[in-house]
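Visitor: Following this line is input.cif, made up of mmCIF, N, CA, C and O atoms:
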```cif
data_structure
loop_
_atom_site.label_atom_id
_atom_site.label_comp_id
_atom_site.auth_asym_id
_atom_site.auth_seq_id
_atom_site.Cartn_x
_atom_site.Cartn_y
_atom_site.Cartn_z
N PRO A 1 0.83 -1.20 0.00
CA PRO A 1 0.00 0.00 0.00
C PRO A 1 0.86 1.25 0.00
O PRO A 1 1.93 1.26 0.58
N VAL A 2 0.39 2.28 -0.63
CA VAL A 2 1.11 3.55 -0.68
C VAL A 2 0.47 4.49 0.32
O VAL A 2 -0.73 4.76 0.27
N ARG A 3 1.27 4.97 1.25
CA ARG A 3 0.78 5.85 2.31
C ARG A 3 0.18 7.11 1.69
O ARG A 3 0.77 7.74 0.83
N GLY A 4 -1.00 7.48 2.15
CA GLY A 4 -1.69 8.65 1.63
C GLY A 4 -2.79 8.28 0.66
O GLY A 4 -3.68 9.07 0.39
N HIS A 5 -2.75 7.08 0.12
CA HIS A 5 -3.79 6.58 -0.76
C HIS A 5 -5.05 6.39 0.08
O HIS A 5 -5.00 5.91 1.21
N SER A 6 -6.19 6.79 -0.42
CA SER A 6 -7.41 6.83 0.39
C SER A 6 -7.84 5.48 0.93
O SER A 6 -8.57 5.41 1.90
N ASN A 7 -7.41 4.40 0.34
CA ASN A 7 -7.79 3.07 0.83
C ASN A 7 -6.79 2.50 1.83
O ASN A 7 -6.88 1.34 2.19
N VAL A 8 -5.83 3.30 2.28
CA VAL A 8 -4.77 2.78 3.13
C VAL A 8 -4.71 3.54 4.45
O VAL A 8 -3.71 3.57 5.12
N GLN A 9 -5.79 4.17 4.84
CA GLN A 9 -5.78 4.92 6.09
C GLN A 9 -5.66 3.97 7.27
O GLN A 9 -6.18 2.87 7.26
N GLY A 10 -4.97 4.40 8.30
CA GLY A 10 -4.78 3.59 9.49
C GLY A 10 -3.64 2.61 9.39
O GLY A 10 -3.38 1.87 10.33
N ASP A 11 -2.93 2.61 8.27
CA ASP A 11 -1.87 1.62 8.09
C ASP A 11 -0.70 1.83 9.04
O ASP A 11 -0.02 0.88 9.41
N ARG A 12 -0.45 3.05 9.45
CA ARG A 12 0.70 3.32 10.31
C ARG A 12 0.56 2.58 11.64
O ARG A 12 1.54 2.14 12.21
N THR A 13 -0.68 2.41 12.12
CA THR A 13 -0.87 1.69 13.37
C THR A 13 -0.53 0.21 13.24
O THR A 13 -0.32 -0.47 14.23
N MET A 14 -0.46 -0.28 12.01
CA MET A 14 -0.12 -1.68 11.76
C MET A 14 1.34 -1.84 11.35
O MET A 14 1.74 -2.92 10.94
N GLY A 15 2.12 -0.77 11.43
CA GLY A 15 3.54 -0.88 11.11
C GLY A 15 3.85 -0.71 9.64
O GLY A 15 4.88 -1.17 9.17
N ILE A 16 2.95 -0.07 8.91
CA ILE A 16 3.20 0.21 7.50
C ILE A 16 3.33 1.73 7.36
O ILE A 16 2.37 2.47 7.56
N TRP A 17 4.51 2.18 7.05
CA TRP A 17 4.78 3.60 6.89
C TRP A 17 6.02 3.73 6.03
O TRP A 17 6.94 2.91 6.15
N GLU A 18 6.06 4.72 5.18
CA GLU A 18 7.20 4.86 4.27
C GLU A 18 8.47 5.37 4.96
O GLU A 18 9.55 5.30 4.40
N LYS A 19 8.34 5.86 6.20
CA LYS A 19 9.49 6.40 6.93
C LYS A 19 9.50 5.88 8.36
O LYS A 19 9.36 6.64 9.31
N MET A 20 9.66 4.59 8.49
CA MET A 20 9.60 3.97 9.82
C MET A 20 10.72 4.48 10.72
O MET A 20 11.87 4.59 10.28
N PRO A 21 10.40 4.77 11.99
CA PRO A 21 11.43 5.19 12.95
C PRO A 21 12.42 4.05 13.22
O PRO A 21 12.06 2.87 13.23
N GLU A 22 13.64 4.40 13.46
CA GLU A 22 14.69 3.43 13.72
C GLU A 22 14.35 2.53 14.92
O GLU A 22 14.61 1.33 14.89
N GLU A 23 13.72 3.09 15.94
CA GLU A 23 13.36 2.32 17.13
C GLU A 23 12.37 1.19 16.78
O GLU A 23 12.47 0.08 17.30
N PHE A 24 11.42 1.49 15.91
CA PHE A 24 10.46 0.48 15.48
C PHE A 24 11.17 -0.63 14.71
O PHE A 24 10.93 -1.81 14.95
N LEU A 25 12.03 -0.23 13.79
CA LEU A 25 12.76 -1.22 12.98
C LEU A 25 13.64 -2.09 13.85
O LEU A 25 13.71 -3.31 13.66
N ASP A 26 14.31 -1.48 14.82
CA ASP A 26 15.17 -2.25 15.73
C ASP A 26 14.35 -3.27 16.52
O ASP A 26 14.75 -4.42 16.68
N ALA A 27 13.17 -2.85 17.01
CA ALA A 27 12.31 -3.75 17.78
C ALA A 27 11.79 -4.89 16.91
O ALA A 27 11.76 -6.05 17.35
N ARG A 28 11.40 -4.58 15.69
CA ARG A 28 10.91 -5.63 14.79
C ARG A 28 12.05 -6.60 14.44
O ARG A 28 11.85 -7.81 14.41
N ASP A 29 13.22 -6.06 14.18
CA ASP A 29 14.37 -6.91 13.87
C ASP A 29 14.67 -7.87 15.03
O ASP A 29 14.92 -9.05 14.81
N ALA A 30 14.64 -7.34 16.26
CA ALA A 30 14.91 -8.18 17.43
C ALA A 30 13.84 -9.25 17.60
O ALA A 30 14.15 -10.40 17.93
N GLU A 31 12.60 -8.89 17.36
CA GLU A 31 11.48 -9.84 17.53
C GLU A 31 11.55 -10.98 16.52
O GLU A 31 11.29 -12.13 16.85
N PHE A 32 11.89 -10.65 15.27
CA PHE A 32 11.82 -11.66 14.21
C PHE A 32 13.17 -12.17 13.73
O PHE A 32 13.25 -13.01 12.84
N GLY A 33 14.26 -11.64 14.30
CA GLY A 33 15.58 -12.10 13.92
C GLY A 33 15.95 -11.76 12.49
O GLY A 33 16.56 -12.57 11.79
N ILE A 34 15.57 -10.56 12.06
CA ILE A 34 15.82 -10.11 10.68
C ILE A 34 16.53 -8.77 10.71
O ILE A 34 16.71 -8.17 11.76
N ARG A 35 16.91 -8.31 9.55
CA ARG A 35 17.44 -6.95 9.39
C ARG A 35 16.55 -6.26 8.35
O ARG A 35 16.63 -6.55 7.15
N SER A 36 15.68 -5.37 8.83
CA SER A 36 14.74 -4.66 7.95
C SER A 36 15.47 -3.62 7.12
O SER A 36 16.45 -3.02 7.57
N PRO A 37 14.99 -3.36 5.90
CA PRO A 37 15.58 -2.29 5.08
C PRO A 37 15.44 -0.95 5.80
O PRO A 37 14.44 -0.68 6.45
N ARG A 38 16.43 -0.11 5.67
CA ARG A 38 16.42 1.21 6.32
C ARG A 38 16.13 2.34 5.34
O ARG A 38 15.93 3.47 5.74
N HIS A 39 16.10 2.05 4.05
CA HIS A 39 15.84 3.09 3.05
C HIS A 39 14.38 3.51 3.12
O HIS A 39 13.49 2.67 3.09
N HIS A 40 14.13 4.80 3.26
CA HIS A 40 12.76 5.29 3.32
C HIS A 40 12.09 5.23 1.95
O HIS A 40 12.72 5.42 0.92
N GLY A 41 10.80 4.96 1.98
CA GLY A 41 10.01 4.88 0.76
C GLY A 41 9.33 6.20 0.44
O GLY A 41 9.72 7.26 0.93
N LEU A 42 8.27 6.13 -0.36
CA LEU A 42 7.56 7.32 -0.83
C LEU A 42 6.09 7.24 -0.45
O LEU A 42 5.49 6.17 -0.51
N ASP A 43 5.52 8.40 -0.11
CA ASP A 43 4.07 8.45 0.08
C ASP A 43 3.41 8.68 -1.28
O ASP A 43 4.09 8.71 -2.31
N THR A 44 2.11 8.84 -1.30
CA THR A 44 1.39 8.98 -2.57
C THR A 44 1.88 10.16 -3.40
O THR A 44 2.15 10.02 -4.59
N VAL A 45 2.01 11.31 -2.79
CA VAL A 45 2.42 12.52 -3.52
C VAL A 45 3.83 12.37 -4.06
O VAL A 45 4.10 12.66 -5.23
N ASP A 46 4.75 11.90 -3.21
CA ASP A 46 6.13 11.74 -3.66
C ASP A 46 6.28 10.63 -4.70
O ASP A 46 7.09 10.73 -5.62
N ALA A 47 5.48 9.55 -4.57
CA ALA A 47 5.52 8.47 -5.57
C ALA A 47 5.06 9.00 -6.92
O ALA A 47 5.68 8.70 -7.96
N ARG A 48 4.00 9.77 -6.93
CA ARG A 48 3.49 10.34 -8.19
C ARG A 48 4.53 11.26 -8.83
O ARG A 48 4.77 11.22 -10.03
N ARG A 49 5.14 12.09 -8.01
CA ARG A 49 6.19 13.00 -8.52
C ARG A 49 7.37 12.21 -9.07
O ARG A 49 7.93 12.56 -10.12
N ALA A 50 7.77 11.16 -8.36
CA ALA A 50 8.91 10.35 -8.81
C ALA A 50 8.61 9.65 -10.13
O ALA A 50 9.48 9.55 -11.00
N MET A 51 7.38 9.18 -10.29
CA MET A 51 6.98 8.57 -11.58
C MET A 51 7.02 9.62 -12.68
O MET A 51 7.56 9.37 -13.76
N ARG A 52 6.45 10.75 -12.40
CA ARG A 52 6.41 11.84 -13.39
C ARG A 52 7.81 12.26 -13.82
O ARG A 52 8.07 12.50 -15.00
N ASP A 53 8.73 12.31 -12.86
CA ASP A 53 10.10 12.76 -13.13
C ASP A 53 11.01 11.65 -13.65
O ASP A 53 12.18 11.90 -13.91
N GLY A 54 10.49 10.42 -13.77
CA GLY A 54 11.28 9.32 -14.28
C GLY A 54 12.19 8.67 -13.26
O GLY A 54 13.03 7.85 -13.59
N ARG A 55 12.05 9.02 -11.97
CA ARG A 55 12.87 8.42 -10.92
C ARG A 55 12.31 7.08 -10.46
O ARG A 55 13.01 6.28 -9.86
N VAL A 56 11.04 6.82 -10.75
CA VAL A 56 10.40 5.54 -10.46
C VAL A 56 9.90 4.99 -11.79
O VAL A 56 9.18 5.67 -12.52
N ARG A 57 10.32 3.77 -12.11
CA ARG A 57 9.98 3.17 -13.41
C ARG A 57 9.01 2.00 -13.28
O ARG A 57 8.58 1.44 -14.28
N ALA A 58 8.71 1.58 -12.05
CA ALA A 58 7.80 0.47 -11.82
C ALA A 58 6.91 0.79 -10.63
O ALA A 58 7.34 1.45 -9.68
N PHE A 59 5.67 0.33 -10.69
CA PHE A 59 4.72 0.55 -9.60
C PHE A 59 3.96 -0.74 -9.34
O PHE A 59 3.39 -1.32 -10.25
N LEU A 60 3.99 -1.19 -8.08
CA LEU A 60 3.23 -2.36 -7.65
C LEU A 60 2.27 -1.88 -6.57
O LEU A 60 2.71 -1.48 -5.48
N GLY A 61 0.99 -1.86 -6.87
CA GLY A 61 -0.02 -1.43 -5.91
C GLY A 61 -0.78 -2.62 -5.39
O GLY A 61 -1.23 -3.47 -6.16
N MET A 62 -0.93 -2.68 -4.08
CA MET A 62 -1.65 -3.79 -3.46
C MET A 62 -2.86 -3.22 -2.72
O MET A 62 -2.74 -2.72 -1.61
N GLY A 63 -4.00 -3.27 -3.34
CA GLY A 63 -5.22 -2.78 -2.70
C GLY A 63 -5.63 -1.43 -3.24
O GLY A 63 -4.84 -0.50 -3.24
N GLY A 64 -6.82 -1.33 -3.73
CA GLY A 64 -7.35 -0.07 -4.23
C GLY A 64 -6.87 0.26 -5.63
O GLY A 64 -6.06 -0.45 -6.21
N ASN A 65 -7.42 1.31 -6.16
CA ASN A 65 -7.04 1.79 -7.49
C ASN A 65 -6.27 3.08 -7.32
O ASN A 65 -6.85 4.15 -7.14
N PHE A 66 -4.95 2.99 -7.36
CA PHE A 66 -4.09 4.13 -7.09
C PHE A 66 -4.41 5.31 -8.02
O PHE A 66 -4.47 6.45 -7.58
N GLY A 67 -4.64 5.03 -9.29
CA GLY A 67 -4.91 6.10 -10.25
C GLY A 67 -6.17 6.87 -9.94
O GLY A 67 -6.17 8.10 -9.94
N SER A 68 -7.24 6.20 -9.67
CA SER A 68 -8.52 6.90 -9.49
C SER A 68 -8.74 7.38 -8.06
O SER A 68 -9.62 8.20 -7.82
N ALA A 69 -7.97 6.89 -7.10
CA ALA A 69 -8.17 7.28 -5.71
C ALA A 69 -7.31 8.48 -5.29
O ALA A 69 -7.50 9.00 -4.20
N THR A 70 -6.38 8.90 -6.12
CA THR A 70 -5.53 10.03 -5.77
C THR A 70 -6.24 11.35 -6.10
O THR A 70 -7.13 11.38 -6.95
N PRO A 71 -5.84 12.44 -5.47
CA PRO A 71 -6.52 13.71 -5.70
C PRO A 71 -6.43 14.21 -7.14
O PRO A 71 -7.38 14.80 -7.64
N ASP A 72 -5.33 14.00 -7.82
CA ASP A 72 -5.16 14.45 -9.21
C ASP A 72 -5.14 13.21 -10.10
O ASP A 72 -4.10 12.73 -10.50
N THR A 73 -6.33 12.70 -10.41
CA THR A 73 -6.44 11.45 -11.15
C THR A 73 -5.74 11.53 -12.51
O THR A 73 -4.95 10.65 -12.86
N ALA A 74 -6.00 12.58 -13.26
CA ALA A 74 -5.41 12.70 -14.61
C ALA A 74 -3.88 12.73 -14.52
O ALA A 74 -3.20 12.05 -15.30
N GLY A 75 -3.34 13.50 -13.60
CA GLY A 75 -1.89 13.58 -13.45
C GLY A 75 -1.29 12.28 -12.98
O GLY A 75 -0.20 11.88 -13.41
N THR A 76 -2.00 11.57 -12.12
CA THR A 76 -1.51 10.29 -11.63
C THR A 76 -1.52 9.24 -12.73
O THR A 76 -0.56 8.47 -12.88
N ILE A 77 -2.59 9.19 -13.50
CA ILE A 77 -2.67 8.24 -14.62
C ILE A 77 -1.54 8.51 -15.61
O ILE A 77 -0.88 7.59 -16.10
N GLU A 78 -1.29 9.78 -15.89
CA GLU A 78 -0.19 10.13 -16.80
C GLU A 78 1.15 9.66 -16.22
O GLU A 78 1.99 9.13 -16.95
N ALA A 79 1.34 9.87 -14.92
CA ALA A 79 2.59 9.43 -14.29
C ALA A 79 2.73 7.92 -14.35
O ALA A 79 3.82 7.39 -14.64
N LEU A 80 1.64 7.19 -14.10
CA LEU A 80 1.67 5.73 -14.17
C LEU A 80 2.00 5.25 -15.57
O LEU A 80 2.73 4.27 -15.76
N ARG A 81 1.50 5.93 -16.57
CA ARG A 81 1.77 5.54 -17.95
C ARG A 81 3.24 5.70 -18.31
O ARG A 81 3.74 5.06 -19.24
N GLY A 82 3.95 6.53 -17.57
CA GLY A 82 5.38 6.71 -17.81
C GLY A 82 6.24 5.60 -17.23
O GLY A 82 7.43 5.52 -17.53
N CYS A 83 5.63 4.74 -16.43
CA CYS A 83 6.37 3.61 -15.84
C CYS A 83 6.55 2.50 -16.86
O CYS A 83 5.71 2.31 -17.75
N ASP A 84 7.64 1.77 -16.74
CA ASP A 84 7.87 0.60 -17.59
C ASP A 84 6.99 -0.57 -17.18
O ASP A 84 6.69 -1.44 -17.99
N LEU A 85 6.61 -0.61 -15.89
CA LEU A 85 5.82 -1.71 -15.37
C LEU A 85 4.86 -1.18 -14.32
O LEU A 85 5.26 -0.42 -13.43
N THR A 86 3.59 -1.54 -14.42
CA THR A 86 2.62 -1.27 -13.37
C THR A 86 1.83 -2.55 -13.11
O THR A 86 1.46 -3.26 -14.01
N VAL A 87 1.65 -2.83 -11.83
CA VAL A 87 0.89 -4.01 -11.41
C VAL A 87 -0.10 -3.56 -10.36
O VAL A 87 0.25 -2.91 -9.42
#
```
Could you quickly redo this structure as structure tokens?
Guide:
Amino acid sequence: PVRGHSNVQGDRTMGIWEKMPEEFLDARDAEFGIRSPRHHGLDTVDARRAMRDGRVRAFLGMGGNFGSATPDTAGTIEALRGCDLTV
């Protein structure tokens, strides 16, 4: 899910956020014996901008219709069309 997408509200309470705090990641790593990625992701607005600017070439959306649920549907659809892969 992409944070800020209208169908993904409340996700932060479940540990889904594009900029997880280091303390949360450390606790999750200790609990599950893993090393979580530390690179921050993108929210809806930043993902759309990155697609538009060619910095993101693939989009995998899980749940909802990212194109029609964003505030600027036409701009988002155009940005998605610029990707090499959308799922």
Visitor: Quick check for you: according to DSSP on this backbone, which residues of chain A are classed as strand (DSSP E or B)? Reply as a CSV table (one decimal) with N, CA, C and O atoms, keeping the file's coordinate frame.
Guide:
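Output saved as states_25.csv:
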```csv
chain,number,residue,atom,x,y,z
A,58,ALA,N,8.7,1.6,-12.0
A,58,ALA,CA,7.8,0.5,-11.8
A,58,ALA,C,6.9,0.8,-10.6
A,58,ALA,O,7.3,1.4,-9.7
A,59,PHE,N,5.7,0.3,-10.7
A,59,PHE,CA,4.7,0.6,-9.6
A,59,PHE,C,4.0,-0.7,-9.3
A,59,PHE,O,3.4,-1.3,-10.2
A,85,LEU,N,6.6,-0.6,-15.9
A,85,LEU,CA,5.8,-1.7,-15.4
A,85,LEU,C,4.9,-1.2,-14.3
A,85,LEU,O,5.3,-0.4,-13.4
A,86,THR,N,3.6,-1.5,-14.4
A,86,THR,CA,2.6,-1.3,-13.4
A,86,THR,C,1.8,-2.6,-13.1
A,86,THR,O,1.5,-3.3,-14.0
```
Visitor: What is the distance, in Å and to one decimal place, between atom CA of Pro21 of chain A and atom CA of Arg35 of chain A?
Guide: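 That distance, rounded to one decimal, is 14.0 Å.
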Visitor: Taking into account all atoms listed in the file, which residue in the set A:Ile34, A:Gly61, A:Val45, A:Ala27 is nearest to Thr86 of chain A?
Guide: A:Gly61
Visitor: List as a list of chain:residue names the protein and nucleic acid residues near Leu85 of chain A, meaning an atom at most 7 Å away when only N, CA, C and O atoms are counted, but skip any in the same chain fewer than 5 places from it.
Guide: A:Arg57, A:Ala58, A:Phe59, A:Leu60, A:Leu80
Visitor: Within 12 Å of Arg38 of chain A, counting only C-alpha atoms, which residues show up once you throw out same-chain ones fewer than 2 positions away? Write them as a VMD selection string, please.
Guide: chain A and resid 17 to 26 29 35 to 36 40 to 41
Visitor: What does the distance from atom O of Arg48 of chain A to atom O of Gly75 of chain A come to in Å, to one decimal?
Guide: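 Atom O of Gly75 of chain A lies 6.0 Å from atom O of Arg48 of chain A.
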Visitor: How far is it from atom CA of Ala50 of chain A to atom N of Pro37 of chain A, in Å with one decimal?
Guide: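 The value is 21.0 Å.
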Visitor: Take the PyMOL selection byres (((chain A and resi 49 and name CA) around 12) and name CA), run it mentally on this structure, and tell me the resulting residues as a JSON list (two decimals) with N, CA, C and O atoms, in the coordinates of the input.
Guide:
```json
[["chain", "number", "residue", "atom", "x", "y", "z"],
["A", 42, "LEU", "N", 8.27, 6.13, -0.36],
["A", 42, "LEU", "CA", 7.56, 7.32, -0.83],
["A", 42, "LEU", "C", 6.09, 7.24, -0.45],
["A", 42, "LEU", "O", 5.49, 6.17, -0.51],
["A", 43, "ASP", "N", 5.52, 8.40, -0.11],
["A", 43, "ASP", "CA", 4.07, 8.45, 0.08],
["A", 43, "ASP", "C", 3.41, 8.68, -1.28],
["A", 43, "ASP", "O", 4.09, 8.71, -2.31],
["A", 44, "THR", "N", 2.11, 8.84, -1.30],
["A", 44, "THR", "CA", 1.39, 8.98, -2.57],
["A", 44, "THR", "C", 1.88, 10.16, -3.40],
["A", 44, "THR", "O", 2.15, 10.02, -4.59],
["A", 45, "VAL", "N", 2.01, 11.31, -2.79],
["A", 45, "VAL", "CA", 2.42, 12.52, -3.52],
["A", 45, "VAL", "C", 3.83, 12.37, -4.06],
["A", 45, "VAL", "O", 4.10, 12.66, -5.23],
["A", 46, "ASP", "N", 4.75, 11.90, -3.21],
["A", 46, "ASP", "CA", 6.13, 11.74, -3.66],
["A", 46, "ASP", "C", 6.28, 10.63, -4.70],
["A", 46, "ASP", "O", 7.09, 10.73, -5.62],
["A", 47, "ALA", "N", 5.48, 9.55, -4.57],
["A", 47, "ALA", "CA", 5.52, 8.47, -5.57],
["A", 47, "ALA", "C", 5.06, 9.00, -6.92],
["A", 47, "ALA", "O", 5.68, 8.70, -7.96],
["A", 48, "ARG", "N", 4.00, 9.77, -6.93],
["A", 48, "ARG", "CA", 3.49, 10.34, -8.19],
["A", 48, "ARG", "C", 4.53, 11.26, -8.83],
["A", 48, "ARG", "O", 4.77, 11.22, -10.03],
["A", 50, "ALA", "N", 7.77, 11.16, -8.36],
["A", 50, "ALA", "CA", 8.91, 10.35, -8.81],
["A", 50, "ALA", "C", 8.61, 9.65, -10.13],
["A", 50, "ALA", "O", 9.48, 9.55, -11.00],
["A", 51, "MET", "N", 7.38, 9.18, -10.29],
["A", 51, "MET", "CA", 6.98, 8.57, -11.58],
["A", 51, "MET", "C", 7.02, 9.62, -12.68],
["A", 51, "MET", "O", 7.56, 9.37, -13.76],
["A", 52, "ARG", "N", 6.45, 10.75, -12.40],
["A", 52, "ARG", "CA", 6.41, 11.84, -13.39],
["A", 52, "ARG", "C", 7.81, 12.26, -13.82],
["A", 52, "ARG", "O", 8.07, 12.50, -15.00],
["A", 53, "ASP", "N", 8.73, 12.31, -12.86],
["A", 53, "ASP", "CA", 10.10, 12.76, -13.13],
["A", 53, "ASP", "C", 11.01, 11.65, -13.65],
["A", 53, "ASP", "O", 12.18, 11.90, -13.91],
["A", 54, "GLY", "N", 10.49, 10.42, -13.77],
["A", 54, "GLY", "CA", 11.28, 9.32, -14.28],
["A", 54, "GLY", "C", 12.19, 8.67, -13.26],
["A", 54, "GLY", "O", 13.03, 7.85, -13.59],
["A", 55, "ARG", "N", 12.05, 9.02, -11.97],
["A", 55, "ARG", "CA", 12.87, 8.42, -10.92],
["A", 55, "ARG", "C", 12.31, 7.08, -10.46],
["A", 55, "ARG", "O", 13.01, 6.28, -9.86],
["A", 56, "VAL", "N", 11.04, 6.82, -10.75],
["A", 56, "VAL", "CA", 10.40, 5.54, -10.46],
["A", 56, "VAL", "C", 9.90, 4.99, -11.79],
["A", 56, "VAL", "O", 9.18, 5.67, -12.52],
["A", 57, "ARG", "N", 10.32, 3.77, -12.11],
["A", 57, "ARG", "CA", 9.98, 3.17, -13.41],
["A", 57, "ARG", "C", 9.01, 2.00, -13.28],
["A", 57, "ARG", "O", 8.58, 1.44, -14.28],
["A", 72, "ASP", "N", -5.33, 14.00, -7.82],
["A", 72, "ASP", "CA", -5.16, 14.45, -9.21],
["A", 72, "ASP", "C", -5.14, 13.21, -10.10],
["A", 72, "ASP", "O", -4.10, 12.73, -10.50],
["A", 75, "GLY", "N", -3.34, 13.50, -13.60],
["A", 75, "GLY", "CA", -1.89, 13.58, -13.45],
["A", 75, "GLY", "C", -1.29, 12.28, -12.98],
["A", 75, "GLY", "O", -0.20, 11.88, -13.41],
["A", 76, "THR", "N", -2.00, 11.57, -12.12],
["A", 76, "THR", "CA", -1.51, 10.29, -11.63],
["A", 76, "THR", "C", -1.52, 9.24, -12.73],
["A", 76, "THR", "O", -0.56, 8.47, -12.88],
["A", 77, "ILE", "N", -2.59, 9.19, -13.50],
["A", 77, "ILE", "CA", -2.67, 8.24, -14.62],
["A", 77, "ILE", "C", -1.54, 8.51, -15.61],
["A", 77, "ILE", "O", -0.88, 7.59, -16.10],
["A", 78, "GLU", "N", -1.29, 9.78, -15.89],
["A", 78, "GLU", "CA", -0.19, 10.13, -16.80],
["A", 78, "GLU", "C", 1.15, 9.66, -16.22],
["A", 78, "GLU", "O", 1.99, 9.13, -16.95],
["A", 79, "ALA", "N", 1.34, 9.87, -14.92],
["A", 79, "ALA", "CA", 2.59, 9.43, -14.29],
["A", 79, "ALA", "C", 2.73, 7.92, -14.35],
["A", 79, "ALA", "O", 3.82, 7.39, -14.64],
["A", 80, "LEU", "N", 1.64, 7.19, -14.10],
["A", 80, "LEU", "CA", 1.67, 5.73, -14.17],
["A", 80, "LEU", "C", 2.00, 5.25, -15.57],
["A", 80, "LEU", "O", 2.73, 4.27, -15.76],
["A", 82, "GLY", "N", 3.95, 6.53, -17.57],
["A", 82, "GLY", "CA", 5.38, 6.71, -17.81],
["A", 82, "GLY", "C", 6.24, 5.60, -17.23],
["A", 82, "GLY", "O", 7.43, 5.52, -17.53],
["A", 83, "CYS", "N", 5.63, 4.74, -16.43],
["A", 83, "CYS", "CA", 6.37, 3.61, -15.84],
["A", 83, "CYS", "C", 6.55, 2.50, -16.86],
["A", 83, "CYS", "O", 5.71, 2.31, -17.75]]
```
